[in-house]
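Below is one structure, written out as structure tokens; the observations come after it.
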Amino acid sequence: MITLKQFNDIKNKYGHCSSFAVWAEVGDTPKSNTGDLSVLDPDINKELLSILNVDVVLLGLNGSRVVDPESTAPPLSIFHSWTSFQQDYKIRYAFKGSPYWGAYMTDIIKHYGEVDSTKTMEYLKRNKEYEQENIRFFEQELLDIGATNPTLIAFGNDVHNILTRNLKDKYKILKVPHYAHFINKDTYREIVQQLP
């Protein structure tokens with residue numbers, strides 16, 4: 001549970017590059033309502049603050065586009081896509097009913113828009129200081145959101161490798177497959193539901 005002030009501080013400072021693992025209920029299709037952000041409005045969703053948990057952090061690699069604080073995208077909209085080609089619906093389906101529902105969500109690499117993860121990893125290999133800069137930013141982010149002893153859950157091998165390379169002595173780090181991989185939603189849910 002977090003306070004309203006804490007929620008608003010997170011939304012104002014990190015809303016352009018983070019969100020929470022809370023989604024609207026499924027509608028007519030598995031992808032329906034994934035982009036409905038009203039569920040992340042504490043004035044509408046009266047249960048919201050009691051659900052949110054900043055001591056669990058779900059981490060993607062990087063956004064497919066650069067999003068900065070001046071972006072016109074609504075705050076807290078990453079991982080909540082409304083497009084037909086999105087795979088965010090798998091996260092909703094997999095984490096619903098798990099202890100990790102309500103977790104904080106962000107990318108480990110900020111402000112680097114690239115759809116191809118191979119290119120992102122090649123860039124990091126050539127620019128080790130950029131990776132370190134992002135690790136420092138992430139650790140400050142953890143402090144700013146009020147995380148005290150967070151469990152980090154990596155979406156895929158690339159994120160897991162970055163986290164273990166830099167933070168294995170500081171945090172508990174878990175891994176699930178990346179939600180965009182060719183894995184059906186039921187198999188993905190089984191994997192997530194087995195997390196310790």
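Each chain in the structure tokens gets a letter, A, B and so on, in the order shown; residues start at 1 in every chain, and ligands are counted from 1 in the order they appear.
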
| request: List every residue of stretch 24-101 of chain A that DSSP, applied to the backbone of this structure, places in helix (DSSP H, G or I), and write the result as a list in words. | output: Leu37, Ser38, Val39, Leu40, Leu48, Leu49, Ser50, Ile51, Asp88, Tyr89, Lys90, Ile91, Arg92, Tyr93, Ala94 and Phe95 of chain A

Would you export the selected residues with N, CA, C and O atoms as a CSV table (one decimal), in the first residue's frame, please?
chain,number,residue,atom,x,y,z
A,37,LEU,N,-6.8,3.6,-18.7
A,37,LEU,CA,-6.0,4.1,-17.6
A,37,LEU,C,-6.9,4.6,-16.4
A,37,LEU,O,-6.3,5.0,-15.4
A,38,SER,N,-8.2,4.6,-16.5
A,38,SER,CA,-9.0,5.0,-15.4
A,38,SER,C,-8.8,4.1,-14.2
A,38,SER,O,-9.0,4.6,-13.1
A,39,VAL,N,-8.4,2.9,-14.4
A,39,VAL,CA,-8.1,2.0,-13.3
A,39,VAL,C,-6.9,2.5,-12.4
A,39,VAL,O,-6.7,2.1,-11.3
A,40,LEU,N,-6.1,3.3,-13.0
A,40,LEU,CA,-4.9,3.9,-12.3
A,40,LEU,C,-5.2,5.3,-11.8
A,40,LEU,O,-4.3,6.1,-11.5
A,48,LEU,N,-7.3,1.3,-5.4
A,48,LEU,CA,-6.0,1.4,-6.0
A,48,LEU,C,-4.8,1.5,-5.1
A,48,LEU,O,-3.9,0.7,-5.1
A,49,LEU,N,-4.8,2.4,-4.2
A,49,LEU,CA,-3.7,2.6,-3.3
A,49,LEU,C,-3.4,1.4,-2.4
A,49,LEU,O,-2.2,1.2,-2.1
A,50,SER,N,-4.4,0.7,-2.1
A,50,SER,CA,-4.2,-0.5,-1.2
A,50,SER,C,-3.6,-1.7,-2.0
A,50,SER,O,-3.1,-2.6,-1.5
A,51,ILE,N,-3.7,-1.6,-3.3
A,51,ILE,CA,-3.2,-2.7,-4.2
A,51,ILE,C,-1.7,-2.5,-4.6
A,51,ILE,O,-1.0,-3.4,-4.7
A,88,ASP,N,0.8,-6.4,-24.1
A,88,ASP,CA,0.7,-6.0,-22.7
A,88,ASP,C,-0.5,-6.9,-22.1
A,88,ASP,O,-0.4,-7.1,-20.9
A,89,TYR,N,-1.4,-7.3,-22.9
A,89,TYR,CA,-2.5,-8.1,-22.4
A,89,TYR,C,-2.1,-9.4,-21.7
A,89,TYR,O,-2.7,-9.9,-20.8
A,90,LYS,N,-0.9,-9.9,-22.2
A,90,LYS,CA,-0.4,-11.1,-21.6
A,90,LYS,C,0.1,-10.9,-20.1
A,90,LYS,O,0.0,-11.7,-19.3
A,91,ILE,N,0.6,-9.7,-19.9
A,91,ILE,CA,1.1,-9.3,-18.5
A,91,ILE,C,-0.1,-9.3,-17.6
A,91,ILE,O,-0.1,-9.9,-16.5
A,92,ARG,N,-1.2,-8.6,-18.1
A,92,ARG,CA,-2.4,-8.5,-17.3
A,92,ARG,C,-2.9,-9.9,-17.0
A,92,ARG,O,-3.2,-10.2,-15.8
A,93,TYR,N,-3.0,-10.8,-18.0
A,93,TYR,CA,-3.6,-12.1,-17.8
A,93,TYR,C,-2.7,-12.9,-16.9
A,93,TYR,O,-3.2,-13.7,-16.0
A,94,ALA,N,-1.4,-12.8,-17.0
A,94,ALA,CA,-0.5,-13.6,-16.2
A,94,ALA,C,-0.4,-13.2,-14.8
A,94,ALA,O,-0.3,-14.1,-13.9
A,95,PHE,N,-0.4,-11.9,-14.5
A,95,PHE,CA,-0.2,-11.4,-13.1
A,95,PHE,C,-1.5,-11.3,-12.3
A,95,PHE,O,-1.4,-11.2,-11.1

| request: Write out as JSON, numbers by chain all residues of stretch 55-129 of chain A that DSSP puts in strand (DSSP E) for this structure's backbone. | output: {"A": [55, 56, 57, 58, 59, 60, 61, 62, 103, 104, 105, 106, 107, 108, 109]}

Take the residues just selected and output them with N, CA and C atoms as a PDB file, in the first residue's frame.
ATOM      1  N   ASP A  55       7.528  -2.383  -3.585  1.00  0.00           N
ATOM      2  CA  ASP A  55       8.597  -3.308  -3.215  1.00  0.00           C
ATOM      3  C   ASP A  55       8.667  -4.522  -4.130  1.00  0.00           C
ATOM      4  N   VAL A  56       7.877  -4.500  -5.193  1.00  0.00           N
ATOM      5  CA  VAL A  56       8.014  -5.444  -6.306  1.00  0.00           C
ATOM      6  C   VAL A  56       8.111  -4.590  -7.559  1.00  0.00           C
ATOM      7  N   VAL A  57       9.148  -4.819  -8.353  1.00  0.00           N
ATOM      8  CA  VAL A  57       9.370  -4.003  -9.548  1.00  0.00           C
ATOM      9  C   VAL A  57       9.515  -4.922 -10.750  1.00  0.00           C
ATOM     10  N   LEU A  58       8.614  -4.767 -11.715  1.00  0.00           N
ATOM     11  CA  LEU A  58       8.674  -5.497 -12.975  1.00  0.00           C
ATOM     12  C   LEU A  58       9.441  -4.642 -13.972  1.00  0.00           C
ATOM     13  N   LEU A  59      10.435  -5.261 -14.626  1.00  0.00           N
ATOM     14  CA  LEU A  59      11.336  -4.475 -15.472  1.00  0.00           C
ATOM     15  C   LEU A  59      11.411  -4.987 -16.902  1.00  0.00           C
ATOM     16  N   GLY A  60      11.114  -4.076 -17.847  1.00  0.00           N
ATOM     17  CA  GLY A  60      11.379  -4.331 -19.251  1.00  0.00           C
ATOM     18  C   GLY A  60      12.761  -3.804 -19.592  1.00  0.00           C
ATOM     19  N   LEU A  61      13.180  -4.021 -20.817  1.00  0.00           N
ATOM     20  CA  LEU A  61      14.511  -3.572 -21.241  1.00  0.00           C
ATOM     21  C   LEU A  61      14.512  -2.070 -21.519  1.00  0.00           C
ATOM     22  N   ASN A  62      13.757  -1.666 -22.525  1.00  0.00           N
ATOM     23  CA  ASN A  62      13.675  -0.254 -22.900  1.00  0.00           C
ATOM     24  C   ASN A  62      12.399  -0.049 -23.688  1.00  0.00           C
ATOM     25  N   ALA A 103       2.366  -4.362  -8.728  1.00  0.00           N
ATOM     26  CA  ALA A 103       3.796  -4.040  -8.712  1.00  0.00           C
ATOM     27  C   ALA A 103       4.085  -2.776  -9.530  1.00  0.00           C
ATOM     28  N   TYR A 104       5.183  -2.130  -9.183  1.00  0.00           N
ATOM     29  CA  TYR A 104       5.685  -0.993  -9.954  1.00  0.00           C
ATOM     30  C   TYR A 104       6.309  -1.537 -11.238  1.00  0.00           C
ATOM     31  N   MET A 105       6.160  -0.827 -12.344  1.00  0.00           N
ATOM     32  CA  MET A 105       6.681  -1.275 -13.638  1.00  0.00           C
ATOM     33  C   MET A 105       7.486  -0.164 -14.296  1.00  0.00           C
ATOM     34  N   THR A 106       8.642  -0.540 -14.827  1.00  0.00           N
ATOM     35  CA  THR A 106       9.466   0.432 -15.533  1.00  0.00           C
ATOM     36  C   THR A 106      10.427  -0.321 -16.451  1.00  0.00           C
ATOM     37  N   ASP A 107      11.241   0.411 -17.181  1.00  0.00           N
ATOM     38  CA  ASP A 107      12.309  -0.172 -17.997  1.00  0.00           C
ATOM     39  C   ASP A 107      13.639   0.103 -17.326  1.00  0.00           C
ATOM     40  N   ILE A 108      14.567  -0.819 -17.472  1.00  0.00           N
ATOM     41  CA  ILE A 108      15.892  -0.622 -16.874  1.00  0.00           C
ATOM     42  C   ILE A 108      16.699   0.403 -17.671  1.00  0.00           C
ATOM     43  N   ILE A 109      16.480   0.492 -18.971  1.00  0.00           N
ATOM     44  CA  ILE A 109      17.165   1.478 -19.819  1.00  0.00           C
ATOM     45  C   ILE A 109      16.141   2.539 -20.213  1.00  0.00           C
TER      46      ILE A 109
END

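Remark: for A:Leu143, the closest of the candidate residues A:Pro30, A:Asp43, A:Val54, A:Thr187 is A:Val54 (distances computed over only C-alpha atoms).
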
| All residues 10 Å or closer to A:Leu167, only C-alpha atoms, same chain fewer than 4 positions away omitted, as a ChimeraX atom specification | /A:135,139,152,161-163,171-173

Kindly save the residues from that selection, with N, CA, C and O atoms included, as a short mmCIF file (atom, residue, chain, number, x, y, z; two decimals), in the first residue's frame.
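File produced: result17.cif:
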data_model
loop_
_atom_site.label_atom_id
_atom_site.label_comp_id
_atom_site.auth_asym_id
_atom_site.auth_seq_id
_atom_site.Cartn_x
_atom_site.Cartn_y
_atom_site.Cartn_z
N ILE A 135 21.71 2.36 -14.54
CA ILE A 135 21.64 1.65 -13.25
C ILE A 135 21.57 2.66 -12.11
O ILE A 135 20.76 2.52 -11.18
N GLU A 139 18.45 3.08 -9.49
CA GLU A 139 18.57 3.01 -8.03
C GLU A 139 18.02 4.29 -7.37
O GLU A 139 17.43 4.21 -6.30
N LEU A 152 13.07 -7.61 -7.69
CA LEU A 152 13.08 -7.20 -9.09
C LEU A 152 12.72 -8.40 -9.95
O LEU A 152 13.30 -9.47 -9.79
N ASN A 161 20.12 -10.32 -17.32
CA ASN A 161 21.59 -10.22 -17.39
C ASN A 161 22.08 -8.85 -16.91
O ASN A 161 23.07 -8.77 -16.18
N ILE A 162 21.39 -7.80 -17.31
CA ILE A 162 21.78 -6.45 -16.86
C ILE A 162 21.65 -6.34 -15.34
O ILE A 162 22.54 -5.82 -14.66
N LEU A 163 20.53 -6.82 -14.81
CA LEU A 163 20.31 -6.73 -13.37
C LEU A 163 21.32 -7.54 -12.58
O LEU A 163 21.88 -7.05 -11.60
N TYR A 171 19.79 -6.88 -4.47
CA TYR A 171 18.36 -7.16 -4.53
C TYR A 171 18.09 -8.61 -4.90
O TYR A 171 18.91 -9.26 -5.55
N LYS A 172 16.91 -9.08 -4.53
CA LYS A 172 16.42 -10.37 -5.01
C LYS A 172 15.97 -10.16 -6.45
O LYS A 172 15.15 -9.28 -6.73
N ILE A 173 16.48 -10.98 -7.36
CA ILE A 173 16.19 -10.82 -8.79
C ILE A 173 15.58 -12.11 -9.32
O ILE A 173 16.17 -13.19 -9.20
#

| Residues at most 12 Å from A:Ile10, counting only C-alpha atoms, excluding those fewer than 2 positions away in the same chain, as JSON, numbers by chain? | {"A": [2, 3, 4, 5, 6, 7, 8, 12, 13, 14, 15, 16, 17, 18, 19, 20, 52, 54, 75, 76, 104, 105, 106, 141, 142, 143, 144, 145, 146, 147]}
